[in-house]
file structure29.txt (compact mmCIF, C-alpha atoms)
# COMPACT_ATOMS: atom_id res chain seq x y z
CA MET A 1 -1.92 8.82 8.29
CA LEU A 2 0.20 5.69 8.30
CA GLY A 3 -2.61 3.86 10.03
CA LEU A 4 -4.13 3.64 6.56
CA VAL A 5 -1.56 1.03 5.57
CA THR A 6 -2.01 -2.57 6.61
CA ASN A 7 0.81 -4.99 7.46
CA MET A 8 3.00 -2.17 8.73
CA THR A 9 6.34 -2.40 10.45
CA GLU A 10 7.35 -0.21 13.37
CA ASN A 11 9.52 1.99 11.09
CA SER A 12 7.74 4.85 9.33
CA ALA A 13 8.70 8.07 7.58
CA ASN A 14 7.13 10.95 5.66
CA TRP A 15 8.38 11.78 2.18
CA ASN A 16 7.07 14.84 0.36
CA PRO A 17 9.07 15.00 -2.90
CA TRP A 18 7.05 18.04 -3.95
CA HIS A 19 4.80 20.45 -2.11
CA GLY A 20 1.68 22.37 -3.09
CA CYS A 21 -1.48 21.33 -4.87
CA HIS A 22 -4.45 22.58 -6.88
CA LYS A 23 -7.96 22.15 -5.48
CA LEU A 24 -10.00 19.67 -7.47
CA SER A 25 -13.30 18.73 -5.80
CA GLU A 26 -15.56 19.34 -2.82
CA GLY A 27 -13.22 17.66 -0.36
CA CYS A 28 -10.50 20.20 -1.14
CA GLN A 29 -12.47 23.19 0.19
CA ASN A 30 -10.77 23.26 3.61
CA CYS A 31 -7.54 21.51 2.61
CA TYR A 32 -5.11 21.22 5.53
CA VAL A 33 -2.15 21.99 3.23
CA TYR A 34 -3.70 25.31 2.22
CA ARG A 35 -4.50 26.00 5.86
CA MET A 36 -0.97 25.16 6.98
CA ASP A 37 0.69 27.19 4.22
CA ALA A 38 -1.50 30.23 4.88
CA ARG A 39 -0.40 30.11 8.52
CA HIS A 40 3.22 30.38 7.37
CA GLY A 41 2.66 32.97 4.65
CA ARG A 42 3.08 30.48 1.79
CA VAL A 43 0.90 29.98 -1.30
CA ALA A 44 -0.26 26.36 -1.37
CA GLY A 45 -1.12 26.55 -5.07
CA GLU A 46 2.54 26.94 -5.96
CA VAL A 47 4.01 23.48 -6.62
CA TYR A 48 7.73 22.92 -6.15
CA LYS A 49 10.26 20.16 -5.51
CA THR A 50 11.33 19.95 -1.90
CA LYS A 51 14.77 19.57 -0.36
CA ASP A 52 13.73 16.03 0.60
CA PHE A 53 13.15 14.95 -2.98
CA TYR A 54 15.88 12.30 -2.76
CA LEU A 55 15.09 11.19 0.81
CA PRO A 56 14.44 7.49 0.01
CA ILE A 57 17.92 7.03 -1.49
CA ARG A 58 19.82 9.39 0.80
CA HIS A 59 22.81 7.70 2.38
CA ALA A 60 24.11 7.81 5.93
CA ARG A 61 27.79 8.19 6.83
CA ASP A 62 28.25 4.44 6.98
CA GLY A 63 27.20 4.17 3.34
CA GLY A 64 23.82 2.60 4.00
CA TYR A 65 20.48 4.22 3.38
CA LYS A 66 19.26 6.71 5.98
CA LEU A 67 15.83 5.09 5.82
CA PRO A 68 16.31 1.43 6.79
CA GLY A 69 14.74 -1.45 4.94
CA GLY A 70 11.21 -2.18 6.11
CA THR A 71 10.30 1.50 6.47
CA VAL A 72 6.72 2.43 5.55
CA ILE A 73 6.95 5.74 3.71
CA ALA A 74 3.91 8.05 3.58
CA THR A 75 4.43 9.70 0.21
CA CYS A 76 3.37 13.10 -1.06
CA PHE A 77 0.91 13.97 1.71
CA THR A 78 1.37 17.73 1.12
CA SER A 79 0.43 17.40 -2.55
CA ASP A 80 -1.06 14.78 -4.88
CA PHE A 81 1.37 12.29 -6.39
CA LEU A 82 -0.55 12.37 -9.70
CA LEU A 83 -0.77 16.17 -9.90
CA ASP A 84 -0.09 17.36 -13.46
CA ALA A 85 2.25 20.08 -12.21
CA ALA A 86 4.60 17.31 -11.04
CA ASP A 87 4.72 15.35 -14.29
CA ALA A 88 8.35 16.29 -14.93
CA TRP A 89 9.51 14.89 -11.56
CA ARG A 90 7.41 11.76 -11.16
CA GLY A 91 9.60 9.48 -13.27
CA GLU A 92 12.50 9.98 -10.87
CA ALA A 93 10.20 9.37 -7.89
CA TRP A 94 9.06 6.07 -9.42
CA ARG A 95 12.72 5.15 -9.96
CA MET A 96 13.47 5.70 -6.27
CA MET A 97 10.48 3.57 -5.28
CA ARG A 98 11.79 0.82 -7.52
CA GLU A 99 15.32 1.13 -6.08
CA ARG A 100 13.95 0.95 -2.53
CA ALA A 101 12.01 -2.25 -3.07
CA ASP A 102 12.81 -3.03 0.57
CA CYS A 103 10.48 -0.22 1.72
CA THR A 104 6.72 0.28 1.36
CA PHE A 105 5.48 3.49 -0.26
CA PHE A 106 1.93 4.71 0.23
CA PHE A 107 0.24 7.66 -1.44
CA ILE A 108 -3.32 8.95 -1.69
CA THR A 109 -4.80 10.60 -4.77
CA LYS A 110 -7.95 12.33 -5.95
CA ARG A 111 -6.64 12.03 -9.51
CA ILE A 112 -6.90 8.30 -10.12
CA ASP A 113 -8.10 9.09 -13.65
CA ARG A 114 -4.53 10.25 -14.43
CA LEU A 115 -2.82 7.08 -13.24
CA ALA A 116 -2.66 5.36 -16.64
CA THR A 117 -0.75 8.29 -18.15
CA CYS A 118 1.59 8.60 -15.16
CA LEU A 119 2.85 5.03 -14.76
CA PRO A 120 6.44 3.96 -15.49
CA ASP A 121 7.05 1.56 -18.37
CA ASP A 122 7.93 -1.35 -16.09
CA TRP A 123 4.90 -0.98 -13.79
CA GLY A 124 3.10 -4.09 -15.04
CA GLU A 125 0.40 -5.00 -12.51
CA GLY A 126 2.00 -2.67 -10.00
CA TYR A 127 5.18 -2.46 -7.94
CA PRO A 128 4.75 -4.88 -5.00
CA ASN A 129 5.99 -2.22 -2.55
CA VAL A 130 3.59 0.56 -3.61
CA ARG A 131 0.15 1.01 -2.04
CA ILE A 132 -2.30 3.56 -3.41
CA GLY A 133 -5.33 5.10 -1.76
CA CYS A 134 -8.10 6.78 -3.74
CA THR A 135 -10.17 9.43 -1.96
CA MET A 136 -13.88 10.06 -2.35
CA GLU A 137 -15.80 12.51 -0.20
CA ASN A 138 -19.39 11.95 -1.34
CA GLN A 139 -21.46 9.66 -3.55
CA ALA A 140 -20.79 11.63 -6.72
CA ARG A 141 -17.01 11.29 -6.32
CA ALA A 142 -17.31 7.64 -5.34
CA ASP A 143 -19.29 6.94 -8.52
CA GLU A 144 -16.74 8.89 -10.55
CA ARG A 145 -13.57 7.33 -9.15
CA LEU A 146 -14.31 3.85 -7.84
CA ALA A 147 -14.76 2.05 -11.14
CA VAL A 148 -11.50 3.52 -12.44
CA PHE A 149 -9.69 2.65 -9.23
CA ARG A 150 -10.99 -0.90 -9.13
CA ALA A 151 -9.84 -1.59 -12.70
CA ALA A 152 -6.43 0.06 -12.29
CA PRO A 153 -3.28 -2.13 -12.22
CA ILE A 154 -2.40 -1.63 -8.55
CA ARG A 155 -1.41 -4.47 -6.23
CA HIS A 156 -2.57 -2.84 -3.00
CA LYS A 157 -5.61 -0.53 -3.03
CA GLN A 158 -7.14 1.45 -0.17
CA ILE A 159 -10.46 3.31 -0.39
CA ILE A 160 -10.34 6.63 1.49
CA CYS A 161 -13.64 8.32 2.39
CA GLU A 162 -12.15 11.48 3.83
CA PRO A 163 -13.25 14.13 4.43
CA LEU A 164 -16.60 12.35 4.52
CA LEU A 165 -19.17 14.98 3.49
CA GLY A 166 -22.25 12.83 3.00
CA PRO A 167 -23.53 9.26 2.95
CA ILE A 168 -21.72 6.94 0.53
CA ASP A 169 -22.86 3.55 -0.71
CA LEU A 170 -19.77 1.55 -1.70
CA SER A 171 -21.48 -1.83 -1.69
CA ALA A 172 -21.61 -2.23 -5.47
CA HIS A 173 -17.82 -2.08 -5.61
CA LEU A 174 -16.51 -3.61 -2.38
CA GLY A 175 -14.75 -6.94 -2.53
CA PRO A 176 -11.40 -8.71 -2.05
CA TRP A 177 -9.65 -6.27 -4.40
CA ALA A 178 -9.83 -3.56 -1.69
CA ALA A 179 -7.27 -3.81 1.11
CA GLY A 180 -9.53 -1.69 3.30
CA VAL A 181 -11.74 1.35 3.66
CA THR A 182 -10.68 4.34 5.77
CA VAL A 183 -13.27 6.90 6.89
CA GLY A 184 -12.64 10.27 8.48
CA GLY A 185 -14.31 13.63 8.94
CA GLU A 186 -12.82 16.99 8.08
CA SER A 187 -10.26 18.65 10.33
CA GLY A 188 -9.79 22.30 11.28
CA ASP A 189 -11.93 25.06 12.77
CA ALA A 190 -14.08 25.26 9.62
CA ALA A 191 -14.70 21.51 9.42
CA ARG A 192 -17.99 20.57 7.84
CA PRO A 193 -20.23 18.11 9.73
CA CYS A 194 -19.63 14.39 9.47
CA ALA A 195 -22.67 12.44 10.67
CA TYR A 196 -21.78 9.32 12.62
CA ASP A 197 -24.60 7.48 10.86
CA TRP A 198 -22.67 7.87 7.59
CA VAL A 199 -19.63 6.27 9.21
CA LEU A 200 -21.63 3.37 10.65
CA ALA A 201 -23.30 2.73 7.29
CA ILE A 202 -19.94 2.36 5.54
CA ARG A 203 -18.71 0.14 8.36
CA GLU A 204 -21.73 -2.12 7.86
CA GLN A 205 -21.00 -2.32 4.12
CA CYS A 206 -17.45 -3.40 4.93
CA ILE A 207 -18.59 -6.02 7.42
CA LYS A 208 -20.96 -7.54 4.87
CA THR A 209 -18.23 -7.79 2.22
CA GLY A 210 -15.36 -8.76 4.51
CA VAL A 211 -13.32 -5.62 3.78
CA PRO A 212 -11.28 -4.16 6.68
CA PHE A 213 -12.65 -0.89 8.02
CA TYR A 214 -10.66 1.92 9.67
CA PHE A 215 -12.19 4.95 11.37
CA LYS A 216 -10.11 8.05 12.10
CA GLN A 217 -12.33 10.89 13.33
CA THR A 218 -15.71 12.51 12.84
CA GLY A 219 -14.04 15.92 12.54
call {"tool": "encode", "arguments": {"input": "structure29.txt", "output": "structure tokens"}}
result
Amino acid sequence: MLGLVTNMTENSANWNPWHGCHKLSEGCQNCYVYRMDARHGRVAGEVYKTKDFYLPIRHARDGGYKLPGGTVIATCFTSDFLLDAADAWRGEAWRMMRERADCTFFFITKRIDRLATCLPDDWGEGYPNVRIGCTMENQARADERLAVFRAAPIRHKQIICEPLLGPIDLSAHLGPWAAGVTVGGESGDAARPCAYDWVLAIREQCIKTGVPFYFKQTG
């Protein structure tokens, strides 16, 4: 997942301040979090703070941070950072991101429409160390989310077409504002088909607009 972030260092970590999510759109049908939780007898729809909530500011015995400066931190990959069930906790998560300005935080959301109501007061045009990816699995979701995402005050934006469930034309929106486009098929035994032609078409759109393209898997 960290391959989605450009200009990475060799240090990386996962930080899931809360766990659990609520399915929102077509791409959520075979969610890996639901699949993983079912395997362990957990209910993925139950959202709760994790024991690692304070991981970014946890200290080692020598008094320094356990996560060294320069770490790229994949954030909230077992939930959605903008999930409404986490509204009470997000302010503290933003505070930790601000405190650890020496690290890069990256999260992906299907709820970009909620961003404006979830931002901290000092966000401005975005924290320099926070990168946000917006997912879209088909043309309908791309049309719904891309305009909002493009206009949002975020310094580093990544378009995520995963799980790719159909052809998507991004060409009307692509440009220098996008740090890159990541494409991937669905995972798991019940994965829905991802046609390679869809992947190649998005790649061609990226080439024409000079936007970096990343391909993960067909499924």
call {"tool": "residues_around", "arguments": {"input": "structure29.txt", "residues": "segment 26-29 of chain A", "least_positions_apart": "3", "cutoff": "8 Å", "atoms": "only C-alpha atoms", "output": "number ranges by chain"}}
result
A: 23, 136-137, 162-165
call {"tool": "write_last_selection", "arguments": {"input": "structure29.txt", "atoms": "C-alpha atoms", "output": "PDB file, in the frame of the given file"}}
result
ATOM      1  CA  LYS A  23      -7.960  22.150  -5.480  1.00  0.00           C
ATOM      2  CA  MET A 136     -13.880  10.060  -2.350  1.00  0.00           C
ATOM      3  CA  GLU A 137     -15.800  12.510  -0.200  1.00  0.00           C
ATOM      4  CA  GLU A 162     -12.150  11.480   3.830  1.00  0.00           C
ATOM      5  CA  PRO A 163     -13.250  14.130   4.430  1.00  0.00           C
ATOM      6  CA  LEU A 164     -16.600  12.350   4.520  1.00  0.00           C
ATOM      7  CA  LEU A 165     -19.170  14.980   3.490  1.00  0.00           C
TER       8      LEU A 165
END
call {"tool": "closest_residue", "arguments": {"input": "structure29.txt", "among": "A:Ile73, A:Ala88, A:Ala140, A:Ala13", "to": "Lys49 of chain A", "atoms": "all atoms listed in the file"}}
result
A:Ala88
call {"tool": "residues_around", "arguments": {"input": "structure29.txt", "residues": "Glu144 of chain A", "least_positions_apart": "3", "cutoff": "12 Å", "atoms": "all atoms listed in the file", "output": "list of chain:residue names"}}
result
A:Ser25, A:Lys110, A:Arg111, A:Ile112, A:Asp113, A:Cys134, A:Thr135, A:Met136, A:Glu137, A:Asn138, A:Gln139, A:Ala140, A:Arg141, A:Ala147, A:Val148, A:Phe149, A:Arg150, A:Leu170
call {"tool": "write_last_selection", "arguments": {"input": "structure29.txt", "atoms": "C-alpha atoms", "output": "PDB file, in the coordinates of the input"}}
result
ATOM      1  CA  SER A  25     -13.300  18.730  -5.800  1.00  0.00           C
ATOM      2  CA  LYS A 110      -7.950  12.330  -5.950  1.00  0.00           C
ATOM      3  CA  ARG A 111      -6.640  12.030  -9.510  1.00  0.00           C
ATOM      4  CA  ILE A 112      -6.900   8.300 -10.120  1.00  0.00           C
ATOM      5  CA  ASP A 113      -8.100   9.090 -13.650  1.00  0.00           C
ATOM      6  CA  CYS A 134      -8.100   6.780  -3.740  1.00  0.00           C
ATOM      7  CA  THR A 135     -10.170   9.430  -1.960  1.00  0.00           C
ATOM      8  CA  MET A 136     -13.880  10.060  -2.350  1.00  0.00           C
ATOM      9  CA  GLU A 137     -15.800  12.510  -0.200  1.00  0.00           C
ATOM     10  CA  ASN A 138     -19.390  11.950  -1.340  1.00  0.00           C
ATOM     11  CA  GLN A 139     -21.460   9.660  -3.550  1.00  0.00           C
ATOM     12  CA  ALA A 140     -20.790  11.630  -6.720  1.00  0.00           C
ATOM     13  CA  ARG A 141     -17.010  11.290  -6.320  1.00  0.00           C
ATOM     14  CA  ALA A 147     -14.760   2.050 -11.140  1.00  0.00           C
ATOM     15  CA  VAL A 148     -11.500   3.520 -12.440  1.00  0.00           C
ATOM     16  CA  PHE A 149      -9.690   2.650  -9.230  1.00  0.00           C
ATOM     17  CA  ARG A 150     -10.990  -0.900  -9.130  1.00  0.00           C
ATOM     18  CA  LEU A 170     -19.770   1.550  -1.700  1.00  0.00           C
TER      19      LEU A 170
END
call {"tool": "residues_around", "arguments": {"input": "structure29.txt", "residues": "Asn16 of chain A", "least_positions_apart": "6", "cutoff": "8 Å", "atoms": "only C-alpha atoms", "output": "ChimeraX atom specification"}}
result
/A:50,52-53,75-79
call {"tool": "atom_distance", "arguments": {"input": "structure29.txt", "atom1": "atom CA of Met36 of chain A", "atom2": "atom CA of Thr71 of chain A"}}
result
26.2 Å
call {"tool": "residues_around", "arguments": {"input": "structure29.txt", "residues": "segment 209-215 of chain A", "least_positions_apart": "5", "cutoff": "10 Å", "atoms": "only C-alpha atoms", "output": "tab-separated table (two decimals) with C-alpha atoms, in the frame of the given file"}}
result
chain	number	residue	atom	x	y	z
A	3	GLY	CA	-2.61	3.86	10.03
A	4	LEU	CA	-4.13	3.64	6.56
A	6	THR	CA	-2.01	-2.57	6.61
A	158	GLN	CA	-7.14	1.45	-0.17
A	159	ILE	CA	-10.46	3.31	-0.39
A	160	ILE	CA	-10.34	6.63	1.49
A	161	CYS	CA	-13.64	8.32	2.39
A	162	GLU	CA	-12.15	11.48	3.83
A	171	SER	CA	-21.48	-1.83	-1.69
A	173	HIS	CA	-17.82	-2.08	-5.61
A	174	LEU	CA	-16.51	-3.61	-2.38
A	175	GLY	CA	-14.75	-6.94	-2.53
A	176	PRO	CA	-11.40	-8.71	-2.05
A	177	TRP	CA	-9.65	-6.27	-4.40
A	178	ALA	CA	-9.83	-3.56	-1.69
A	179	ALA	CA	-7.27	-3.81	1.11
A	180	GLY	CA	-9.53	-1.69	3.30
A	181	VAL	CA	-11.74	1.35	3.66
A	182	THR	CA	-10.68	4.34	5.77
A	183	VAL	CA	-13.27	6.90	6.89
A	184	GLY	CA	-12.64	10.27	8.48
A	185	GLY	CA	-14.31	13.63	8.94
A	199	VAL	CA	-19.63	6.27	9.21
A	200	LEU	CA	-21.63	3.37	10.65
A	202	ILE	CA	-19.94	2.36	5.54
A	203	ARG	CA	-18.71	0.14	8.36
A	204	GLU	CA	-21.73	-2.12	7.86
call {"tool": "closest_residue", "arguments": {"input": "structure29.txt", "among": "A:Val47, A:Ile132, A:Ile57, A:Ala38", "to": "His22 of chain A", "atoms": "all atoms listed in the file"}}
result
A:Val47
call {"tool": "closest_residue", "arguments": {"input": "structure29.txt", "among": "A:Val130, A:Ala93, A:Ala74, A:Ile207", "to": "Asn11 of chain A", "atoms": "only C-alpha atoms"}}
result
A:Ala74
call {"tool": "atom_distance", "arguments": {"input": "structure29.txt", "atom1": "atom CA of Pro193 of chain A", "atom2": "atom CA of Gln217 of chain A"}}
result
11.3 Å
call {"tool": "closest_residue", "arguments": {"input": "structure29.txt", "among": "A:Ala152, A:Leu115, A:Glu46, A:Arg58", "to": "Glu99 of chain A", "atoms": "all atoms listed in the file"}}
result
A:Arg58
call {"tool": "residues_around", "arguments": {"input": "structure29.txt", "residues": "Leu119 of chain A", "least_positions_apart": "2", "cutoff": "10 Å", "atoms": "all atoms listed in the file", "output": "number ranges by chain"}}
result
A: 82, 90-91, 94, 114-117, 121-124, 126, 153
call {"tool": "atom_distance", "arguments": {"input": "structure29.txt", "atom1": "atom CA of Leu146 of chain A", "atom2": "atom CA of Asn30 of chain A"}}
result
22.8 Å
call {"tool": "decode", "arguments": {"input": "structure29.txt", "residues": "segment 134-148 of chain A", "atoms": "N, CA, C and O atoms", "output": "mmCIF file, in the first residue's frame"}}
result
data_model
loop_
_atom_site.group_PDB
_atom_site.id
_atom_site.type_symbol
_atom_site.label_atom_id
_atom_site.label_comp_id
_atom_site.auth_asym_id
_atom_site.auth_seq_id
_atom_site.Cartn_x
_atom_site.Cartn_y
_atom_site.Cartn_z
ATOM 1 N N CYS A 134 -8.023 9.524 -2.924
ATOM 2 C CA CYS A 134 -9.475 9.385 -3.066
ATOM 3 C C CYS A 134 -9.751 8.214 -3.999
ATOM 4 O O CYS A 134 -9.210 8.157 -5.106
ATOM 5 N N THR A 135 -10.575 7.269 -3.546
ATOM 6 C CA THR A 135 -10.850 6.076 -4.341
ATOM 7 C C THR A 135 -12.099 6.245 -5.200
ATOM 8 O O THR A 135 -13.061 6.900 -4.812
ATOM 9 N N MET A 136 -12.041 5.612 -6.362
ATOM 10 C CA MET A 136 -13.190 5.562 -7.271
ATOM 11 C C MET A 136 -13.105 4.263 -8.047
ATOM 12 O O MET A 136 -12.066 3.943 -8.627
ATOM 13 N N GLU A 137 -14.181 3.496 -8.020
ATOM 14 C CA GLU A 137 -14.141 2.148 -8.584
ATOM 15 C C GLU A 137 -14.779 2.030 -9.958
ATOM 16 O O GLU A 137 -14.579 1.033 -10.654
ATOM 17 N N ASN A 138 -15.542 3.034 -10.360
ATOM 18 C CA ASN A 138 -16.200 3.014 -11.669
ATOM 19 C C ASN A 138 -16.438 4.454 -12.114
ATOM 20 O O ASN A 138 -16.109 5.404 -11.394
ATOM 21 N N GLN A 139 -17.032 4.635 -13.277
ATOM 22 C CA GLN A 139 -17.213 5.982 -13.805
ATOM 23 C C GLN A 139 -18.156 6.812 -12.943
ATOM 24 O O GLN A 139 -17.930 8.007 -12.736
ATOM 25 N N ALA A 140 -19.199 6.185 -12.429
ATOM 26 C CA ALA A 140 -20.162 6.926 -11.610
ATOM 27 C C ALA A 140 -19.495 7.518 -10.379
ATOM 28 O O ALA A 140 -19.740 8.673 -10.011
ATOM 29 N N ARG A 141 -18.635 6.731 -9.719
ATOM 30 C CA ARG A 141 -17.963 7.224 -8.511
ATOM 31 C C ARG A 141 -16.884 8.246 -8.860
ATOM 32 O O ARG A 141 -16.637 9.180 -8.097
ATOM 33 N N ALA A 142 -16.249 8.066 -10.005
ATOM 34 C CA ALA A 142 -15.266 9.058 -10.440
ATOM 35 C C ALA A 142 -15.949 10.401 -10.686
ATOM 36 O O ALA A 142 -15.459 11.455 -10.259
ATOM 37 N N ASP A 143 -17.091 10.377 -11.356
ATOM 38 C CA ASP A 143 -17.833 11.612 -11.627
ATOM 39 C C ASP A 143 -18.307 12.264 -10.331
ATOM 40 O O ASP A 143 -18.344 13.489 -10.215
ATOM 41 N N GLU A 144 -18.640 11.442 -9.360
ATOM 42 C CA GLU A 144 -19.162 11.929 -8.079
ATOM 43 C C GLU A 144 -18.068 12.538 -7.208
ATOM 44 O O GLU A 144 -18.284 13.562 -6.544
ATOM 45 N N ARG A 145 -16.880 11.955 -7.227
ATOM 46 C CA ARG A 145 -15.852 12.327 -6.251
ATOM 47 C C ARG A 145 -14.737 13.204 -6.792
ATOM 48 O O ARG A 145 -14.129 13.976 -6.037
ATOM 49 N N LEU A 146 -14.422 13.096 -8.082
ATOM 50 C CA LEU A 146 -13.231 13.759 -8.599
ATOM 51 C C LEU A 146 -13.293 15.283 -8.522
ATOM 52 O O LEU A 146 -12.298 15.925 -8.178
ATOM 53 N N ALA A 147 -14.427 15.861 -8.854
ATOM 54 C CA ALA A 147 -14.525 17.316 -8.821
ATOM 55 C C ALA A 147 -14.329 17.840 -7.401
ATOM 56 O O ALA A 147 -13.660 18.860 -7.181
ATOM 57 N N VAL A 148 -14.908 17.128 -6.436
ATOM 58 C CA VAL A 148 -14.753 17.516 -5.024
ATOM 59 C C VAL A 148 -13.294 17.386 -4.604
ATOM 60 O O VAL A 148 -12.727 18.263 -3.952
#
